[in-house]
file my_file28.txt (compact mmCIF, C-alpha atoms and all ligand atoms)
# COMPACT_ATOMS: atom_id res chain seq x y z
CA MET A 1 -30.54 42.43 83.88
CA THR A 2 -32.87 43.29 86.73
CA TRP A 3 -29.85 44.00 88.92
CA TYR A 4 -28.47 46.28 86.21
CA GLN A 5 -31.70 48.16 85.87
CA GLN A 6 -31.82 48.79 89.60
CA ASN A 7 -28.15 49.47 90.28
CA ARG A 8 -26.55 51.06 87.24
CA ARG A 9 -24.77 54.32 87.77
CA ASP A 10 -26.35 57.46 86.40
CA LEU A 11 -23.73 58.56 83.86
CA PRO A 12 -24.06 61.27 81.22
CA TRP A 13 -23.83 58.74 78.36
CA ARG A 14 -26.17 56.20 80.02
CA GLY A 15 -29.29 55.50 77.99
CA GLU A 16 -27.68 57.31 75.07
CA SER A 17 -28.67 55.94 71.69
CA SER A 18 -26.77 58.41 69.51
CA PRO A 19 -24.05 56.24 67.95
CA TYR A 20 -21.64 59.17 67.98
CA ARG A 21 -22.09 59.78 71.70
CA VAL A 22 -21.81 56.09 72.52
CA TRP A 23 -18.62 55.92 70.47
CA VAL A 24 -17.00 58.95 72.12
CA SER A 25 -17.86 57.71 75.62
CA GLU A 26 -16.43 54.26 74.89
CA VAL A 27 -13.20 55.71 73.50
CA LEU A 28 -12.78 58.00 76.49
CA LEU A 29 -13.42 55.10 78.89
CA GLN A 30 -10.61 52.95 77.49
CA GLN A 31 -7.92 52.60 80.19
CA THR A 32 -9.55 55.46 82.12
CA GLN A 33 -11.66 55.71 85.28
CA VAL A 34 -15.31 56.71 84.89
CA ALA A 35 -14.96 59.65 87.30
CA THR A 36 -12.08 61.05 85.23
CA VAL A 37 -13.99 60.62 81.98
CA VAL A 38 -17.24 62.43 82.95
CA PRO A 39 -15.94 66.05 82.68
CA TYR A 40 -13.93 65.22 79.55
CA TYR A 41 -17.04 63.72 77.92
CA GLN A 42 -19.14 66.77 78.78
CA ARG A 43 -16.52 69.21 77.47
CA PHE A 44 -16.01 67.12 74.33
CA MET A 45 -19.74 67.09 73.55
CA GLU A 46 -20.02 70.84 74.07
CA ARG A 47 -17.11 71.53 71.73
CA PHE A 48 -17.91 68.76 69.18
CA PRO A 49 -21.66 68.01 69.23
CA THR A 50 -21.55 65.91 66.02
CA VAL A 51 -19.18 63.69 64.04
CA ALA A 52 -18.98 66.47 61.45
CA ASP A 53 -17.68 68.87 64.11
CA VAL A 54 -14.81 66.53 65.00
CA SER A 55 -14.08 65.89 61.35
CA ALA A 56 -13.91 69.60 60.53
CA ALA A 57 -11.67 70.48 63.49
CA PRO A 58 -7.88 70.50 63.30
CA LEU A 59 -6.27 67.55 65.11
CA ALA A 60 -4.71 70.08 67.52
CA ASP A 61 -8.20 71.01 68.79
CA VAL A 62 -9.13 67.38 69.40
CA LEU A 63 -5.83 66.77 71.22
CA LYS A 64 -6.45 69.86 73.33
CA MET A 65 -9.75 68.35 74.53
CA TRP A 66 -7.82 65.18 75.42
CA GLU A 67 -5.06 67.01 77.30
CA GLY A 68 -4.07 65.22 80.51
CA LEU A 69 -6.12 62.09 79.73
CA GLY A 70 -3.28 59.99 78.31
CA TYR A 71 -3.34 57.41 75.50
CA TYR A 72 -3.44 60.16 72.91
CA ALA A 73 -3.50 57.72 69.98
CA ARG A 74 -7.20 57.36 70.87
CA ALA A 75 -7.78 61.01 69.99
CA ARG A 76 -5.85 60.75 66.73
CA TYR A 77 -7.80 57.65 65.67
CA LEU A 78 -11.10 59.26 66.67
CA HIS A 79 -10.26 62.25 64.49
CA GLN A 80 -9.26 60.03 61.54
CA ALA A 81 -12.37 57.89 61.93
CA ALA A 82 -14.60 61.00 62.08
CA MET A 83 -13.14 62.19 58.77
CA GLU A 84 -13.79 58.76 57.19
CA ILE A 85 -17.34 58.67 58.56
CA VAL A 86 -18.04 62.06 56.97
CA THR A 87 -16.44 61.28 53.61
CA GLN A 88 -17.53 57.63 53.24
CA TYR A 89 -20.73 57.35 55.27
CA GLY A 90 -22.29 60.81 54.97
CA GLY A 91 -21.57 61.65 58.62
CA GLN A 92 -23.48 58.66 60.06
CA LEU A 93 -21.61 55.85 61.80
CA PRO A 94 -21.96 52.56 59.90
CA ASN A 95 -24.39 50.32 61.76
CA THR A 96 -22.69 46.93 61.83
CA TYR A 97 -19.83 45.50 63.84
CA ALA A 98 -18.04 44.42 60.64
CA GLU A 99 -18.12 47.90 59.11
CA LEU A 100 -17.19 49.64 62.35
CA ARG A 101 -14.14 47.39 62.70
CA ARG A 102 -12.74 48.85 59.46
CA LEU A 103 -12.60 52.37 60.90
CA PRO A 104 -9.42 53.66 62.60
CA GLY A 105 -9.38 52.98 66.34
CA PHE A 106 -12.33 50.56 66.32
CA GLY A 107 -10.90 47.47 68.03
CA GLU A 108 -13.02 44.48 68.99
CA TYR A 109 -14.22 46.10 72.20
CA THR A 110 -15.17 49.52 70.80
CA ALA A 111 -16.87 48.07 67.71
CA GLY A 112 -18.74 45.57 69.92
CA ALA A 113 -19.85 48.26 72.35
CA VAL A 114 -21.05 50.69 69.67
CA ALA A 115 -22.71 47.97 67.55
CA SER A 116 -24.55 46.50 70.53
CA ILE A 117 -25.44 49.70 72.43
CA ALA A 118 -26.24 52.01 69.53
CA PHE A 119 -27.47 49.53 66.92
CA GLY A 120 -28.74 46.56 68.97
CA GLU A 121 -26.46 44.05 67.24
CA ALA A 122 -25.96 40.86 69.28
CA VAL A 123 -22.18 41.08 69.57
CA ALA A 124 -20.05 40.92 72.69
CA ALA A 125 -18.07 43.83 74.16
CA ILE A 126 -15.34 42.37 76.32
CA ASP A 127 -13.43 44.80 78.51
CA GLY A 128 -11.43 44.04 81.66
CA ASN A 129 -14.61 43.97 83.76
CA VAL A 130 -16.29 41.39 81.54
CA LYS A 131 -13.16 39.26 81.44
CA ARG A 132 -13.06 39.22 85.23
CA VAL A 133 -16.77 38.43 85.68
CA LEU A 134 -16.75 35.61 83.11
CA SER A 135 -13.45 34.13 84.35
CA ARG A 136 -14.97 33.88 87.81
CA LEU A 137 -18.48 32.89 86.78
CA PHE A 138 -17.14 29.91 84.80
CA ALA A 139 -14.01 29.39 86.97
CA ILE A 140 -11.68 29.62 84.01
CA GLN A 141 -8.28 28.74 85.39
CA THR A 142 -6.18 29.58 82.38
CA SER A 143 -5.85 32.96 80.72
CA VAL A 144 -7.58 31.81 77.54
CA THR A 145 -8.88 34.88 75.78
CA ARG A 146 -10.36 32.84 72.94
CA GLN A 147 -12.45 30.80 75.40
CA LEU A 148 -13.72 33.98 77.05
CA LYS A 149 -14.63 35.51 73.71
CA GLN A 150 -16.55 32.39 72.75
CA ILE A 151 -18.47 32.41 76.05
CA ALA A 152 -19.22 36.13 75.82
CA ARG A 153 -20.44 35.75 72.23
CA GLU A 154 -22.71 32.81 73.08
CA LEU A 155 -24.10 34.61 76.10
CA VAL A 156 -25.03 37.80 74.27
CA GLU A 157 -26.61 35.82 71.42
CA GLN A 158 -28.64 33.63 73.77
CA ALA A 159 -29.57 36.56 75.97
CA SER A 160 -30.82 38.51 72.96
CA CYS A 161 -33.07 35.60 71.90
CA LEU A 162 -34.41 35.12 75.40
CA LEU A 163 -34.95 38.79 75.98
CA SER A 164 -36.77 39.26 72.72
CA LEU A 165 -39.19 36.49 73.78
CA ASP A 166 -39.74 38.02 77.18
CA ARG A 167 -40.62 41.60 76.50
CA GLN A 168 -43.46 41.79 78.96
CA ASP A 169 -41.20 42.01 82.02
CA ALA A 170 -39.50 45.22 82.96
CA CYS A 171 -35.98 44.13 81.99
CA PRO A 172 -34.05 46.08 79.42
CA THR A 173 -34.00 44.04 76.25
CA SER A 174 -31.07 44.95 74.06
CA PRO A 175 -27.67 43.30 73.62
CA GLY A 176 -26.22 46.69 74.50
CA ASP A 177 -27.90 46.57 77.90
CA TRP A 178 -26.68 43.00 78.33
CA ASN A 179 -23.09 44.03 77.65
CA GLN A 180 -23.37 47.08 79.87
CA ALA A 181 -24.87 44.98 82.66
CA LEU A 182 -21.84 42.68 82.63
CA ILE A 183 -19.47 45.64 82.56
CA GLU A 184 -21.35 47.37 85.38
CA LEU A 185 -21.36 44.21 87.50
CA GLY A 186 -17.58 44.02 87.13
CA ALA A 187 -17.16 47.70 87.95
CA LEU A 188 -19.45 47.74 91.01
CA VAL A 189 -19.64 44.22 92.47
CA CYS A 190 -17.16 41.76 91.00
CA LEU A 191 -14.25 44.00 91.95
CA PRO A 192 -10.66 42.95 91.18
CA LYS A 193 -9.40 42.65 94.78
CA THR A 194 -12.58 42.60 96.85
CA PRO A 195 -15.44 40.89 94.99
CA ARG A 196 -18.73 41.53 96.82
CA CYS A 197 -20.07 38.02 96.43
CA ALA A 198 -22.57 38.30 99.29
CA THR A 199 -24.58 40.90 97.38
CA CYS A 200 -23.84 39.66 93.87
CA PRO A 201 -26.88 38.61 91.81
CA LEU A 202 -24.81 35.77 90.30
CA ASN A 203 -23.49 34.27 93.52
CA GLU A 204 -25.54 31.10 93.27
CA LEU A 205 -24.34 30.47 89.72
CA CYS A 206 -20.77 31.58 90.16
CA GLN A 207 -18.34 28.68 90.05
CA ALA A 208 -15.40 30.66 91.43
CA HIS A 209 -17.51 31.68 94.43
CA GLN A 210 -18.77 28.13 94.96
CA GLN A 211 -15.19 26.86 94.88
CA GLY A 212 -13.76 29.69 97.00
CA LEU A 213 -11.65 30.90 94.07
CA GLU A 214 -13.01 34.42 93.69
CA HIS A 215 -9.82 35.99 95.06
CA VAL A 216 -7.60 33.76 92.90
CA LEU A 217 -9.32 34.25 89.55
CA PRO A 218 -8.74 35.54 87.00
CA LEU A 219 -5.17 34.28 86.98
CA LYS A 220 -2.85 37.19 86.52
CA PRO A 221 0.01 37.10 84.03
CA VAL A 222 3.39 37.42 85.73
CA LYS A 223 4.13 41.14 85.75
CA LYS A 224 7.38 42.17 84.16
CA LYS A 225 9.26 44.95 85.90
CA LEU A 226 8.91 48.07 83.78
CA PRO A 227 12.18 49.54 82.55
CA HIS A 228 13.01 53.03 83.81
CA TYR A 229 14.53 55.87 81.78
CA ASP A 230 15.84 59.29 82.74
CA VAL A 231 14.61 61.93 80.34
CA SER A 232 15.56 65.59 80.23
CA ALA A 233 13.62 68.60 78.97
CA ALA A 234 14.93 72.07 78.08
CA VAL A 235 13.06 75.17 79.19
CA ILE A 236 14.59 77.73 76.84
CA CYS A 237 13.31 81.24 77.47
CA GLN A 238 14.10 84.44 75.64
CA ALA A 239 12.32 87.80 75.77
CA GLY A 240 9.52 86.31 77.89
CA GLN A 241 8.80 83.51 75.42
CA TYR A 242 9.49 79.80 75.77
CA LEU A 243 10.48 77.38 73.02
CA ILE A 244 8.04 74.48 72.69
CA ALA A 245 8.16 71.71 70.09
CA GLN A 246 5.46 69.53 68.60
CA ARG A 247 6.17 65.80 68.66
CA PRO A 248 6.06 63.95 65.34
CA LEU A 249 2.41 63.30 64.43
CA LYS A 250 2.77 59.52 64.51
CA GLY A 251 3.99 57.49 67.48
CA MET A 252 3.81 57.97 71.21
CA LEU A 253 2.17 61.26 72.30
CA GLY A 254 2.06 62.11 68.59
CA GLY A 255 1.11 65.70 67.80
CA LEU A 256 1.36 66.91 71.39
CA TRP A 257 3.54 69.87 72.35
CA GLU A 258 6.36 69.65 74.87
CA PHE A 259 9.52 71.23 76.14
CA PRO A 260 12.08 69.65 73.82
CA GLY A 261 14.48 67.01 75.10
CA GLY A 262 14.78 63.25 75.25
CA LYS A 263 16.13 60.08 76.77
CA GLN A 264 19.52 59.97 78.46
CA GLU A 265 21.97 57.63 76.72
CA SER A 266 24.40 55.54 78.75
CA GLY A 267 27.55 57.40 79.78
CA GLU A 268 25.88 60.78 79.23
CA THR A 269 25.12 63.41 81.89
CA LEU A 270 21.65 64.98 81.81
CA SER A 271 23.23 68.22 80.50
CA GLU A 272 25.01 66.37 77.70
CA CYS A 273 21.78 64.55 76.92
CA LEU A 274 19.90 67.84 76.59
CA GLN A 275 22.56 69.45 74.43
CA ARG A 276 22.55 66.44 72.07
CA GLU A 277 18.76 66.18 71.91
CA ILE A 278 18.23 69.87 71.20
CA ARG A 279 20.91 69.77 68.49
CA GLU A 280 19.38 66.64 66.89
CA GLU A 281 15.75 67.74 67.12
CA LEU A 282 15.97 71.48 66.48
CA GLY A 283 19.55 72.17 65.26
CA LEU A 284 20.24 74.49 68.23
CA THR A 285 23.22 74.74 70.58
CA ILE A 286 22.35 75.47 74.20
CA GLU A 287 23.88 75.95 77.64
CA VAL A 288 22.15 74.05 80.43
CA GLU A 289 21.51 75.96 83.66
CA GLN A 290 19.80 75.09 86.95
CA PRO A 291 17.21 72.32 87.37
CA ILE A 292 13.52 73.29 87.70
CA ILE A 293 11.65 70.11 88.60
CA SER A 294 11.91 66.31 88.36
CA ILE A 295 8.74 64.36 87.60
CA LYS A 296 8.15 60.63 87.82
CA HIS A 297 5.65 59.16 85.37
CA SER A 298 4.57 55.67 84.32
CA TYR A 299 3.52 54.74 80.81
CA THR A 300 2.15 51.33 79.81
CA HIS A 301 5.51 49.78 79.00
CA PHE A 302 8.06 51.89 80.88
CA LYS A 303 8.59 54.51 83.56
CA ILE A 304 10.46 57.76 83.33
CA THR A 305 11.88 60.46 85.53
CA LEU A 306 11.70 63.70 83.58
CA HIS A 307 14.25 66.34 84.62
CA ALA A 308 13.49 69.87 83.42
CA PHE A 309 16.28 72.47 83.25
CA TYR A 310 16.46 76.14 82.43
CA CYS A 311 18.59 76.54 79.32
CA HIS A 312 19.66 79.35 77.01
CA LEU A 313 20.82 79.52 73.41
CA THR A 314 24.59 80.00 73.11
CA GLU A 315 23.99 82.58 70.32
CA PRO A 316 21.01 83.87 68.31
CA GLN A 317 19.70 80.92 66.27
CA THR A 318 16.52 79.86 64.51
CA PRO A 319 15.10 76.42 65.37
CA GLN A 320 14.74 73.88 62.56
CA THR A 321 12.19 71.05 62.27
CA LEU A 322 14.76 68.23 62.15
CA GLN A 323 13.01 65.68 64.38
CA VAL A 324 9.95 67.63 65.46
CA ALA A 325 6.71 68.37 63.58
CA ASP A 326 6.78 72.08 64.47
CA TRP A 327 8.10 74.60 67.00
CA GLN A 328 6.86 77.87 68.50
CA TRP A 329 8.01 80.62 70.85
CA VAL A 330 5.12 81.23 73.25
CA THR A 331 4.44 83.03 76.52
CA LEU A 332 3.40 81.07 79.59
CA ALA A 333 -0.16 82.37 79.15
CA ASP A 334 -0.25 81.28 75.48
CA MET A 335 0.61 77.70 76.45
CA ALA A 336 -3.08 77.21 77.31
CA ASN A 337 -3.72 77.11 73.54
CA PHE A 338 -1.57 74.00 73.00
CA ALA A 339 -2.07 70.39 74.09
CA PHE A 340 0.69 69.06 76.36
CA PRO A 341 1.24 65.65 77.97
CA ARG A 342 0.71 65.46 81.74
CA THR A 343 4.43 65.65 82.51
CA ASP A 344 4.85 68.93 80.66
CA LEU A 345 1.73 70.38 82.32
CA LYS A 346 3.62 69.89 85.60
CA ILE A 347 6.62 71.80 84.23
CA ILE A 348 4.27 74.61 83.18
CA ALA A 349 2.74 74.65 86.68
CA ALA A 350 6.26 74.89 88.19
CA LEU A 351 7.08 77.81 85.87
CA GLN A 352 3.83 79.57 86.77
CA GLN A 353 4.69 79.27 90.47
CA ARG A 354 8.07 80.88 89.87
CA ASP A 355 6.70 83.57 87.56
S1 LIG A 401 -20.22 35.79 93.01
FE1 LIG A 401 -18.43 36.95 93.49
S2 LIG A 401 -16.84 36.24 92.07
FE2 LIG A 401 -18.81 35.51 91.31
S3 LIG A 401 -19.45 37.04 89.82
FE3 LIG A 401 -20.36 37.61 91.79
S4 LIG A 401 -18.89 39.02 92.75
FE4 LIG A 401 -17.85 37.96 91.07

call {"tool": "encode", "arguments": {"input": "my_file28.txt", "output": "structure tokens"}}
result
Amino acid sequence: MTWYQQNRRDLPWRGESSPYRVWVSEVLLQQTQVATVVPYYQRFMERFPTVADVSAAPLADVLKMWEGLGYYARARYLHQAAMEIVTQYGGQLPNTYAELRRLPGFGEYTAGAVASIAFGEAVAAIDGNVKRVLSRLFAIQTSVTRQLKQIARELVEQASCLLSLDRQDACPTSPGDWNQALIELGALVCLPKTPRCATCPLNELCQAHQQGLEHVLPLKPVKKKLPHYDVSAAVICQAGQYLIAQRPLKGMLGGLWEFPGGKQESGETLSECLQREIREELGLTIEVEQPIISIKHSYTHFKITLHAFYCHLTEPQTPQTLQVADWQWVTLADMANFAFPRTDLKIIAALQQRD
């Protein structure tokens, strides 16, 4: 705790006791680097200073604030949870782990972090950093999540008792600080590939370090090779406006806008793929013209190469919402008003360069 007090990074949400702000910061930090999150957090707080502001906003506005950050389900759940907090809890986050867990998007980690940091509840918040620190500290040689959870729970409970007895020293005293200290130690010292054991405040206690296992633990699950898909996207332009489609609201990248298209089936050329996808999604027939850009991108469970092509409608037609939530004809400048995934932002950048 002393190490944490002296070494913690100065972050915009640090020392924050507003449950709403703690919650937003924890959601943004899931699967995302701190440096990436800082400007998103600041913009989010300017646009949505309270839970009520998120609740009252259309989902599209929340997604726009999330644009480029990935894992967009987080934004949808945050929006849903904000609406529930306003309707069921009068705009105040419920103050227990058990109640938080019932809200959309509050998994074990997020509920543990908010309950401990904002409400001082002695519950664990186990992220990848904590898993790594505890696996090494106790030299856990199997990937037993249940064992780690048990250890983390016992530690935060014992630490809270001890800390409440020892208020005269300068240590921070809340379970939230305890959890953040473990997370910070993992982020700054007990690094995945290069643990800095020489300067670690736990080095005399750490069983992995004593046994020379710090580079071996935690044991990593055998990585499966991610499947790769070729995906095509149609850039259909007429009279200076481009056709964009909104993805179905549920599912991957739900509610985001994109240049329509989809995954290449076996035996299909990219042109045939595009013609089929645009017919199935929007009921349009198109001619495929020259390629614009190919973009490689990795998601959690697969990789894609996205091939964007200029296309045109074979005759005047009106799009239909067959497999999309909505569609719009927009200028390049108007695209700034819609939230796109990172891949499509690269297509937009390529179009702007050619404009
Ligand atoms: S001594 Fe090394 S392995 Fe152990 S907790 Fe500290 S940094 Fe991690």

call {"tool": "atom_distance", "arguments": {"input": "my_file28.txt", "atom1": "atom CA of Arg74 of chain A", "atom2": "atom CA of Thr331 of chain A"}}
result
28.7 Å

call {"tool": "atom_distance", "arguments": {"input": "my_file28.txt", "atom1": "atom CA of Leu78 of chain A", "atom2": "atom CA of Trp329 of chain A"}}
result
29.0 Å

call {"tool": "closest_residue", "arguments": {"input": "my_file28.txt", "among": "A:Val156, A:Leu137, A:Ile347, A:Ala208", "to": "Ser116 of chain A", "atoms": "only C-alpha atoms"}}
result
A:Val156

call {"tool": "closest_atom_pairs", "arguments": {"input": "my_file28.txt", "of": "chain A", "to": "ligand LIG 401 (chain A)", "cutoff": "7 Å", "atoms": "all atoms listed in the file", "output": "CSV"}}
result
residue,atom,partner,partner_atom,distance
A:Val133,CA,A:LIG401,S3,5.1
A:Arg136,CA,A:LIG401,S2,5.2
A:Leu137,CA,A:LIG401,S3,5.2
A:Val189,CA,A:LIG401,S4,5.3
A:Cys190,CA,A:LIG401,S4,3.7
A:Leu191,CA,A:LIG401,S4,6.9
A:Pro195,CA,A:LIG401,S4,4.5
A:Arg196,CA,A:LIG401,S4,4.8
A:Cys197,CA,A:LIG401,FE1,3.5
A:Cys200,CA,A:LIG401,FE3,4.5
A:Pro201,CA,A:LIG401,FE3,6.6
A:Leu202,CA,A:LIG401,FE3,5.0
A:Asn203,CA,A:LIG401,S1,3.6
A:Cys206,CA,A:LIG401,FE2,4.5
A:Gln207,CA,A:LIG401,FE2,7.0
A:Ala208,CA,A:LIG401,S2,5.8
A:His209,CA,A:LIG401,FE2,5.1
A:Glu214,CA,A:LIG401,S2,4.5

call {"tool": "closest_residue", "arguments": {"input": "my_file28.txt", "among": "A:Lys346, A:Arg153, A:Lys250, A:Arg132", "to": "Tyr77 of chain A", "atoms": "all atoms listed in the file"}}
result
A:Lys250

call {"tool": "closest_atom_pairs", "arguments": {"input": "my_file28.txt", "of": "segment 41-68 of chain A", "to": "segment 91-113 of chain A", "cutoff": "9 Å", "atoms": "all atoms listed in the file", "output": "CSV"}}
result
residue,atom,partner,partner_atom,distance
A:Thr50,CA,A:Gly91,CA,8.5
A:Val51,CA,A:Gly91,CA,6.3
A:Ala52,CA,A:Gly91,CA,6.2

call {"tool": "residues_around", "arguments": {"input": "my_file28.txt", "residues": "Gly262 of chain A", "least_positions_apart": "6", "cutoff": "8 Å", "atoms": "all atoms listed in the file", "output": "PyMOL selection string"}}
result
chain A and resi 231-233+273-274+277

call {"tool": "atom_distance", "arguments": {"input": "my_file28.txt", "atom1": "atom CA of Gln238 of chain A", "atom2": "atom CA of Val330 of chain A"}}
result
9.8 Å

call {"tool": "residues_near_point", "arguments": {"input": "my_file28.txt", "point": "(-12.7, 62.3, 64.4)", "cutoff": "6 Å", "atoms": "all atoms listed in the file", "output": "CSV table (one decimal) with C-alpha atoms, in the coordinates of the input"}}
result
chain,number,residue,atom,x,y,z
A,54,VAL,CA,-14.8,66.5,65.0
A,55,SER,CA,-14.1,65.9,61.4
A,78,LEU,CA,-11.1,59.3,66.7
A,79,HIS,CA,-10.3,62.2,64.5
A,80,GLN,CA,-9.3,60.0,61.5
A,81,ALA,CA,-12.4,57.9,61.9
A,82,ALA,CA,-14.6,61.0,62.1
A,83,MET,CA,-13.1,62.2,58.8

call {"tool": "decode", "arguments": {"input": "my_file28.txt", "residues": "segment 41-55 of chain A", "atoms": "N, CA and C atoms", "output": "tab-separated table (two decimals), in the first residue's frame"}}
result
chain	number	residue	atom	x	y	z
A	41	TYR	N	-11.88	9.12	-21.94
A	41	TYR	CA	-12.53	9.36	-20.65
A	41	TYR	C	-12.85	10.86	-20.53
A	42	GLN	N	-11.87	11.70	-20.90
A	42	GLN	CA	-12.10	13.14	-20.73
A	42	GLN	C	-13.22	13.62	-21.65
A	43	ARG	N	-13.23	13.13	-22.90
A	43	ARG	CA	-14.29	13.54	-23.82
A	43	ARG	C	-15.64	13.03	-23.33
A	44	PHE	N	-15.65	11.78	-22.84
A	44	PHE	CA	-16.91	11.19	-22.38
A	44	PHE	C	-17.48	12.00	-21.22
A	45	MET	N	-16.64	12.41	-20.29
A	45	MET	CA	-17.11	13.15	-19.12
A	45	MET	C	-17.59	14.56	-19.49
A	46	GLU	N	-16.95	15.14	-20.52
A	46	GLU	CA	-17.43	16.45	-20.97
A	46	GLU	C	-18.81	16.33	-21.60
A	47	ARG	N	-18.98	15.30	-22.42
A	47	ARG	CA	-20.26	15.14	-23.13
A	47	ARG	C	-21.35	14.60	-22.21
A	48	PHE	N	-20.98	13.67	-21.30
A	48	PHE	CA	-21.97	13.03	-20.41
A	48	PHE	C	-21.50	13.17	-18.96
A	49	PRO	N	-21.71	14.32	-18.34
A	49	PRO	CA	-21.20	14.50	-16.97
A	49	PRO	C	-21.90	13.65	-15.92
A	50	THR	N	-23.12	13.15	-16.19
A	50	THR	CA	-23.83	12.35	-15.18
A	50	THR	C	-24.45	11.12	-15.82
A	51	VAL	N	-24.88	10.19	-14.97
A	51	VAL	CA	-25.58	9.00	-15.47
A	51	VAL	C	-26.81	9.42	-16.28
A	52	ALA	N	-27.51	10.44	-15.77
A	52	ALA	CA	-28.73	10.88	-16.44
A	52	ALA	C	-28.43	11.36	-17.87
A	53	ASP	N	-27.26	11.96	-18.07
A	53	ASP	CA	-26.90	12.43	-19.42
A	53	ASP	C	-26.71	11.26	-20.38
A	54	VAL	N	-26.10	10.18	-19.89
A	54	VAL	CA	-25.93	9.00	-20.76
A	54	VAL	C	-27.30	8.39	-21.05
A	55	SER	N	-28.10	8.29	-20.00
A	55	SER	CA	-29.41	7.66	-20.13
A	55	SER	C	-30.29	8.40	-21.13
